[in-house]
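Source file: final.cif; contents: mmCIF, C-alpha atoms.
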data_structure
#
loop_
_atom_site.label_atom_id
_atom_site.label_comp_id
_atom_site.auth_asym_id
_atom_site.auth_seq_id
_atom_site.Cartn_x
_atom_site.Cartn_y
_atom_site.Cartn_z
CA MET A 249 63.15 -113.72 22.35
CA PHE A 250 63.83 -115.92 19.33
CA LYS A 251 62.84 -114.37 16.02
CA ILE A 252 61.11 -116.45 13.36
CA ARG A 253 63.09 -116.01 10.15
CA SER A 254 60.62 -117.83 7.90
CA ALA A 255 57.48 -119.92 8.22
CA ARG A 256 55.42 -121.88 5.70
CA PHE A 257 52.88 -124.66 5.67
CA ILE A 258 54.22 -127.91 4.18
CA GLY A 259 51.05 -129.93 4.71
CA PRO A 260 47.58 -129.65 6.25
CA ASN A 261 48.10 -128.09 9.71
CA VAL A 262 51.83 -128.77 9.43
CA LYS A 263 54.13 -125.74 9.42
CA GLN A 264 57.89 -125.41 9.08
CA PHE A 265 59.71 -122.67 10.98
CA GLU A 266 63.24 -121.33 10.64
CA ILE A 267 64.17 -119.67 13.94
CA ASP A 268 67.15 -117.55 14.96
CA ALA A 269 69.03 -119.63 17.54
CA PRO A 270 72.76 -119.50 16.74
CA ARG A 271 74.02 -121.31 19.85
CA ILE A 272 71.60 -124.18 19.37
CA ALA A 273 72.43 -124.33 15.66
CA ARG A 274 76.13 -124.77 16.43
CA ALA A 275 75.58 -127.52 19.01
CA GLN A 276 72.64 -129.61 17.77
CA LYS A 277 72.97 -133.15 16.46
CA PRO A 278 70.44 -135.47 14.78
CA GLY A 279 67.80 -136.76 17.17
CA GLN A 280 67.98 -133.86 19.62
CA PHE A 281 65.12 -131.51 20.43
CA VAL A 282 64.24 -128.12 21.86
CA ILE A 283 61.66 -127.04 24.42
CA ILE A 284 59.59 -124.08 23.26
CA ARG A 285 57.38 -121.66 25.18
CA ILE A 286 55.49 -119.16 23.06
CA ASP A 287 54.85 -116.56 25.80
CA ASP A 288 55.06 -116.16 29.55
CA THR A 289 51.68 -117.84 30.13
CA GLY A 290 52.28 -120.69 27.71
CA GLU A 291 53.11 -124.34 28.31
CA ARG A 292 56.43 -125.96 27.43
CA ILE A 293 56.39 -128.32 24.46
CA PRO A 294 59.15 -130.49 22.96
CA LEU A 295 59.91 -130.19 19.24
CA THR A 296 62.63 -132.14 17.46
CA ILE A 297 65.15 -130.14 15.44
CA LYS A 298 64.76 -130.94 11.76
CA GLY A 299 68.04 -129.23 10.88
CA SER A 300 70.26 -126.23 11.42
CA ASP A 301 72.21 -123.69 9.39
CA VAL A 302 75.28 -122.57 11.31
CA SER A 303 76.10 -119.81 8.80
CA ARG A 304 72.62 -118.30 9.22
CA GLY A 305 72.46 -119.07 12.93
CA THR A 306 69.10 -120.79 12.58
CA ILE A 307 67.36 -124.03 13.43
CA THR A 308 64.39 -125.55 11.60
CA ILE A 309 61.44 -127.22 13.31
CA VAL A 310 58.23 -128.74 11.97
CA VAL A 311 55.00 -128.30 13.94
CA GLN A 312 51.74 -130.18 13.56
CA GLY A 313 48.82 -128.16 14.89
CA ILE A 314 46.94 -130.58 17.15
CA GLY A 315 46.64 -129.09 20.64
CA LYS A 316 46.26 -125.54 21.91
CA THR A 317 49.96 -124.64 21.92
CA THR A 318 50.85 -126.13 18.53
CA ILE A 319 47.79 -124.52 16.93
CA GLN A 320 48.73 -121.18 18.50
CA LEU A 321 52.34 -121.59 17.35
CA ASN A 322 51.17 -122.20 13.79
CA THR A 323 49.45 -118.79 13.74
CA LEU A 324 52.88 -117.13 13.94
CA GLY A 325 54.88 -116.12 10.89
CA ALA A 326 58.09 -114.50 9.73
CA GLY A 327 59.00 -111.54 11.93
CA ASP A 328 57.17 -112.86 14.99
CA ALA A 329 59.12 -114.14 17.99
CA ILE A 330 59.00 -117.03 20.45
CA LEU A 331 59.76 -116.32 24.10
CA ASP A 332 61.81 -119.43 24.95
CA VAL A 333 63.71 -121.94 22.83
CA VAL A 334 65.86 -124.18 25.04
CA GLY A 335 68.26 -126.79 23.70
CA PRO A 336 69.66 -128.82 22.23
CA LEU A 337 68.30 -131.43 24.63
CA GLY A 338 68.30 -135.22 24.70
CA LYS A 339 70.85 -137.73 23.52
CA PRO A 340 71.77 -137.59 19.82
CA SER A 341 70.90 -140.46 17.52
CA GLU A 342 73.41 -143.29 17.43
CA ILE A 343 75.22 -142.92 14.12
CA GLU A 344 77.52 -145.61 12.79
CA ASN A 345 77.88 -147.81 9.74
CA PHE A 346 75.34 -150.55 10.40
CA GLY A 347 75.05 -151.62 6.75
CA THR A 348 71.56 -151.40 5.25
CA VAL A 349 69.21 -149.34 7.38
CA CYS A 350 65.53 -148.59 7.15
CA VAL A 351 64.23 -145.22 8.36
CA ILE A 352 60.46 -145.17 8.83
CA GLY A 353 58.56 -141.91 9.12
CA GLY A 354 54.88 -141.81 9.98
CA GLY A 355 53.17 -138.48 9.41
CA VAL A 356 55.11 -135.61 11.00
CA GLY A 357 57.58 -138.20 12.31
CA THR A 358 59.17 -137.90 8.88
CA ALA A 359 60.59 -134.50 9.87
CA ILE A 360 62.09 -136.01 13.02
CA ALA A 361 63.64 -138.95 11.16
CA LEU A 362 65.07 -136.89 8.29
CA PRO A 363 68.27 -135.55 9.94
CA THR A 364 69.12 -139.01 11.27
CA ALA A 365 68.60 -140.50 7.81
CA ARG A 366 71.06 -137.96 6.39
CA ALA A 367 73.62 -138.73 9.08
CA LEU A 368 73.27 -142.49 8.61
CA ARG A 369 73.85 -142.14 4.89
CA ASP A 370 76.85 -139.89 5.46
CA ALA A 371 78.25 -142.63 7.74
CA GLY A 372 78.25 -145.05 4.81
CA ASN A 373 74.94 -146.85 5.28
CA ARG A 374 72.56 -147.76 2.50
CA VAL A 375 69.38 -145.96 3.57
CA ILE A 376 65.93 -147.21 2.65
CA ALA A 377 63.14 -144.88 3.75
CA ILE A 378 59.54 -145.92 4.23
CA LEU A 379 57.09 -143.03 4.48
CA GLY A 380 53.56 -143.60 5.69
CA ALA A 381 50.47 -141.40 5.74
CA ARG A 382 46.71 -141.81 5.74
CA THR A 383 46.45 -140.11 2.35
CA LYS A 384 48.67 -138.40 -0.24
CA GLU A 385 48.00 -134.86 0.97
CA LEU A 386 49.31 -135.73 4.45
CA LEU A 387 52.67 -136.90 3.15
CA ILE A 388 55.42 -134.37 3.90
CA LEU A 389 59.05 -133.75 2.95
CA GLU A 390 59.17 -136.42 0.26
CA ASP A 391 61.77 -134.58 -1.85
CA GLU A 392 64.12 -134.05 1.09
CA VAL A 393 63.81 -137.68 2.15
CA ARG A 394 64.61 -138.81 -1.39
CA ALA A 395 67.74 -136.64 -1.35
CA ALA A 396 68.82 -138.25 1.94
CA SER A 397 68.08 -141.85 0.98
CA ASP A 398 69.10 -144.50 -1.52
CA GLU A 399 65.54 -145.76 -1.91
CA VAL A 400 62.15 -144.40 -0.85
CA LEU A 401 59.02 -146.53 -0.43
CA ILE A 402 55.68 -144.83 0.16
CA MET A 403 52.61 -146.33 1.79
CA THR A 404 49.21 -144.68 2.15
CA ASP A 405 46.21 -146.08 3.99
CA ASP A 406 43.85 -145.24 1.12
CA GLY A 407 46.22 -146.04 -1.76
CA SER A 408 46.08 -142.46 -3.08
CA TYR A 409 49.89 -142.45 -3.47
CA GLY A 410 52.58 -145.09 -3.47
CA GLU A 411 51.18 -148.44 -2.36
CA GLN A 412 48.10 -149.04 -0.27
CA GLY A 413 48.82 -150.44 3.15
CA LEU A 414 50.80 -149.87 6.32
CA VAL A 415 54.51 -149.18 6.70
CA THR A 416 54.83 -152.56 8.40
CA ASP A 417 53.56 -154.28 5.24
CA LYS A 418 56.54 -152.96 3.31
CA LEU A 419 58.89 -153.50 6.26
CA ARG A 420 58.11 -157.23 6.28
CA GLU A 421 59.05 -157.45 2.60
CA ILE A 422 62.49 -155.91 3.01
CA LEU A 423 63.30 -157.10 6.55
CA PRO A 424 65.73 -159.87 5.46
CA GLN A 425 68.09 -157.29 3.93
CA LEU A 426 68.11 -154.92 6.90
CA ASP A 427 70.71 -154.41 9.64
CA TYR A 428 69.04 -151.55 11.53
CA VAL A 429 65.59 -149.93 11.73
CA LEU A 430 64.62 -146.48 13.02
CA ALA A 431 60.88 -145.74 13.31
CA ILE A 432 59.41 -142.39 14.31
CA GLY A 433 55.72 -141.57 14.24
CA PRO A 434 52.48 -142.27 16.12
CA ILE A 435 52.87 -144.65 19.07
CA PRO A 436 50.68 -147.39 17.51
CA MET A 437 52.87 -147.32 14.40
CA MET A 438 56.09 -147.59 16.39
CA ARG A 439 54.65 -150.47 18.42
CA ALA A 440 53.66 -152.25 15.20
CA VAL A 441 57.20 -151.81 13.83
CA ALA A 442 58.68 -153.20 17.06
CA ASN A 443 56.41 -156.24 16.84
CA THR A 444 57.33 -156.76 13.19
CA THR A 445 61.07 -156.92 13.88
CA ARG A 446 60.93 -158.52 17.35
CA ASP A 447 61.68 -162.07 16.22
CA SER A 448 64.52 -160.98 13.95
CA ASN A 449 68.07 -160.01 14.85
CA VAL A 450 67.52 -156.52 13.45
CA ARG A 451 68.09 -153.78 15.98
CA THR A 452 65.10 -151.44 16.05
CA VAL A 453 64.99 -147.97 17.59
CA VAL A 454 62.02 -145.66 18.23
CA SER A 455 61.78 -142.04 19.40
CA LEU A 456 59.54 -141.28 22.40
CA ASN A 457 59.58 -137.51 22.11
CA SER A 458 55.82 -136.96 22.27
CA ILE A 459 55.37 -137.36 26.04
CA MET A 460 58.01 -134.92 27.28
CA VAL A 461 57.20 -131.78 29.30
CA ASP A 462 60.13 -129.92 30.85
CA GLY A 463 62.89 -131.71 28.93
CA THR A 464 65.32 -131.84 31.86
CA GLY A 465 64.23 -134.92 33.82
CA MET A 466 62.83 -132.89 36.73
CA CYS A 467 59.07 -133.25 36.26
CA GLY A 468 58.86 -137.00 35.71
CA GLY A 469 56.13 -136.56 33.11
CA CYS A 470 58.00 -138.58 30.49
CA ARG A 471 58.77 -141.62 32.66
CA VAL A 472 58.74 -144.77 30.53
CA LEU A 473 59.47 -148.44 31.18
CA ILE A 474 62.45 -149.65 29.18
CA GLY A 475 63.39 -153.27 29.75
CA GLY A 476 61.33 -153.20 32.94
CA LYS A 477 63.21 -150.20 34.36
CA SER A 478 62.04 -146.60 34.69
CA ARG A 479 63.71 -144.16 32.32
CA PHE A 480 63.02 -140.56 31.35
CA ALA A 481 62.47 -139.98 27.64
CA CYS A 482 63.96 -136.48 27.81
CA VAL A 483 67.36 -137.24 29.38
CA ASP A 484 67.80 -140.97 28.77
CA GLY A 485 66.38 -140.73 25.23
CA PRO A 486 64.41 -139.76 23.29
CA GLU A 487 65.51 -142.81 21.27
CA PHE A 488 65.30 -146.30 22.79
CA ASP A 489 65.53 -149.91 21.71
CA ALA A 490 61.99 -150.59 20.47
CA HIS A 491 61.99 -154.16 21.76
CA ASP A 492 62.57 -152.94 25.33
CA VAL A 493 59.79 -150.32 25.34
CA ASP A 494 56.62 -151.10 27.30
CA PHE A 495 54.19 -149.62 24.80
CA ASN A 496 51.13 -150.25 26.99
CA VAL A 497 52.53 -148.01 29.73
CA LEU A 498 53.67 -145.49 27.12
CA MET A 499 50.18 -145.21 25.61
CA GLN A 500 48.61 -144.82 29.05
CA ARG A 501 50.97 -142.00 29.99
CA ASN A 502 50.52 -140.32 26.62
CA ALA A 503 46.75 -140.22 27.17
CA MET A 504 46.92 -139.20 30.84
CA TYR A 505 46.10 -135.52 30.30
CA ARG A 506 43.98 -135.82 27.17
CA GLU A 507 40.85 -134.46 28.84
CA GLN A 508 42.69 -131.42 30.22
CA GLU A 509 44.35 -130.85 26.86
CA GLN A 510 40.97 -130.86 25.13
CA GLN A 511 39.55 -128.42 27.68
CA CYS A 512 42.52 -126.09 27.12
CA LEU A 513 42.07 -126.27 23.34
CA THR A 514 38.33 -125.56 23.63
CA ARG A 515 38.96 -122.48 25.79
CA TYR A 516 41.56 -121.21 23.31
CA GLN A 517 39.29 -121.74 20.30
CA THR A 518 36.39 -120.03 22.09
CA LYS A 519 38.61 -117.08 22.99
CA THR A 520 39.93 -116.63 19.46
CA ALA A 521 36.67 -117.31 17.63
#
Could you write out this structure as structure tokens?
Amino acid sequence: MFKIRSARFIGPNVKQFEIDAPRIARAQKPGQFVIIRIDDTGERIPLTIKGSDVSRGTITIVVQGIGKTTIQLNTLGAGDAILDVVGPLGKPSEIENFGTVCVIGGGVGTAIALPTARALRDAGNRVIAILGARTKELLILEDEVRAASDEVLIMTDDGSYGEQGLVTDKLREILPQLDYVLAIGPIPMMRAVANTTRDSNVRTVVSLNSIMVDGTGMCGGCRVLIGGKSRFACVDGPEFDAHDVDFNVLMQRNAMYREQEQQCLTRYQTKTA
């Protein structure tokens, strides 16, 4: 059992957990994730590690309550425990001095991108962060991103904060000064970023963590087409060259079990009502 040290909401349906996991805390690197199972009847879900505190023996994760398991997880609080936390899994982010880099976080993807942004800055890069959300209240971790970046640009769909528009609108403006782009968020956003940079010489990387199941490459649930070849997001990624990703196949696989997921959520909500 892995005890929850602290838990608090940082946005609508978005909760941050600090969990006792000393071995994972010592080993984790930016870009890696854990697989969590709440109880012995629960499903396995992947969650990227936002950070760790080796002295406290804890890791921090951010959870958006969307499906049955994430909504159930967000009912837990300090003092509760999670049955399984397995990790760190996946390949770490590639960290080197590229020059000027742009880290793009869409929604809860901001929490996933944050540790890599810190590491890129520590490696000597100039880090420009673009944060995107539908509205101001859905923007998360702004202060932490500002502390990890040299410049922060904020885009909201409704113009309630920052500038009105999409993250790709701002990306086009600054693209000539960039040497590297990392985008993490909803699949349509990552595809739009890839299309924006495709004709440039700017290397662009995306994280495909949302489609993983067992996290070890055994189930095949996270098979993706990268440069026309099959890869597993959990063991070969989760980060890949955005220009090599077949986003059409990715979106199809991501939606494959949507009906079953909705049925599971409905049963859970009926049971707990």
Closest of A:Ser455, A:Thr444, A:Asn261, A:Thr289 to Ala361 of chain A - atom-to-atom distances counting all atoms listed in the file: A:Ser455
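Excluding Val393 of chain A and any residue on its chain fewer than 3 positions from it, the residues at most 9 Å away by only C-alpha atoms are Thr358, Ala359, Leu362, Ala365, Arg366, Ala377, Leu379, Leu389, Glu390, Ala396, Ser397 and Val400 of chain A.
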Near-Val415 of chain A list (12 Å; all atoms listed in the file; drop same-chain fewer than 4 positions) as number ranges by chain: A: 350-355, 377-382, 400-405, 410-411, 419-423, 431-434, 436-442, 444
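Residue membership of the PyMOL selection byres ((chain A and resi 480-486) around 6) in the shown file amounts to Gly338, Lys339, Ser455, Leu456, Asn457, Gly463, Gly465, Cys470, Arg471, Arg479 and Glu487 of chain A.
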Residue IDs satisfying the PyMOL selection byres ((chain A and resi 495) around 9), as a PyMOL selection string: chain A and resi 435-436+438-439+472-473+490+493-494+496-500
Selection under test: the PyMOL selection byres ((chain A and resi 287) around 10); residues as number ranges by chain: A: 249, 284-286, 288-292, 329-332
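Polymer residues near (56.8, -111.1, 9.9): counting all atoms listed in the file with a cut-off of 10 Å, they are Lys251, Ile252, Arg253, Ser254, Ala255, Leu324, Gly325, Ala326, Gly327, Asp328 and Ala329 of chain A.
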One-decimal distance in Å that lies between atom CA of Val356 of chain A and atom CA of Gly315 of chain A: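 Those two atoms sit 14.4 Å apart.
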Residues of segment 285-389 of chain A within 10 Å of segment 506-511 of chain A: nearest atom pair and distance (Å, one decimal) for each, counting all atoms listed in the file, sorted by chain and number, as a Markdown table?
| residue | atom | partner | partner_atom | distance |
| --- | --- | --- | --- | --- |
| A:Ile314 | CA | A:Gln510 | CA | 10.0 |
| A:Gly315 | CA | A:Glu509 | CA | 6.9 |
| A:Lys316 | CA | A:Glu509 | CA | 7.5 |
| A:Thr317 | CA | A:Glu509 | CA | 9.7 |
Length of the atom CA of Leu430 of chain A to atom CA of Thr348 of chain A vector [Å]: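 Atom CA of Thr348 of chain A lies 11.5 Å from atom CA of Leu430 of chain A.
Computed from the coordinates, the atom CA of Asp489 of chain A to atom CA of Ile474 of chain A distance equals 8.1 Å.
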Long-range neighbours of Gly279 of chain A as a ChimeraX atom specification, 7 Å cut-off, only C-alpha atoms, 6 positions minimum in chain: /A:296,340-341,364
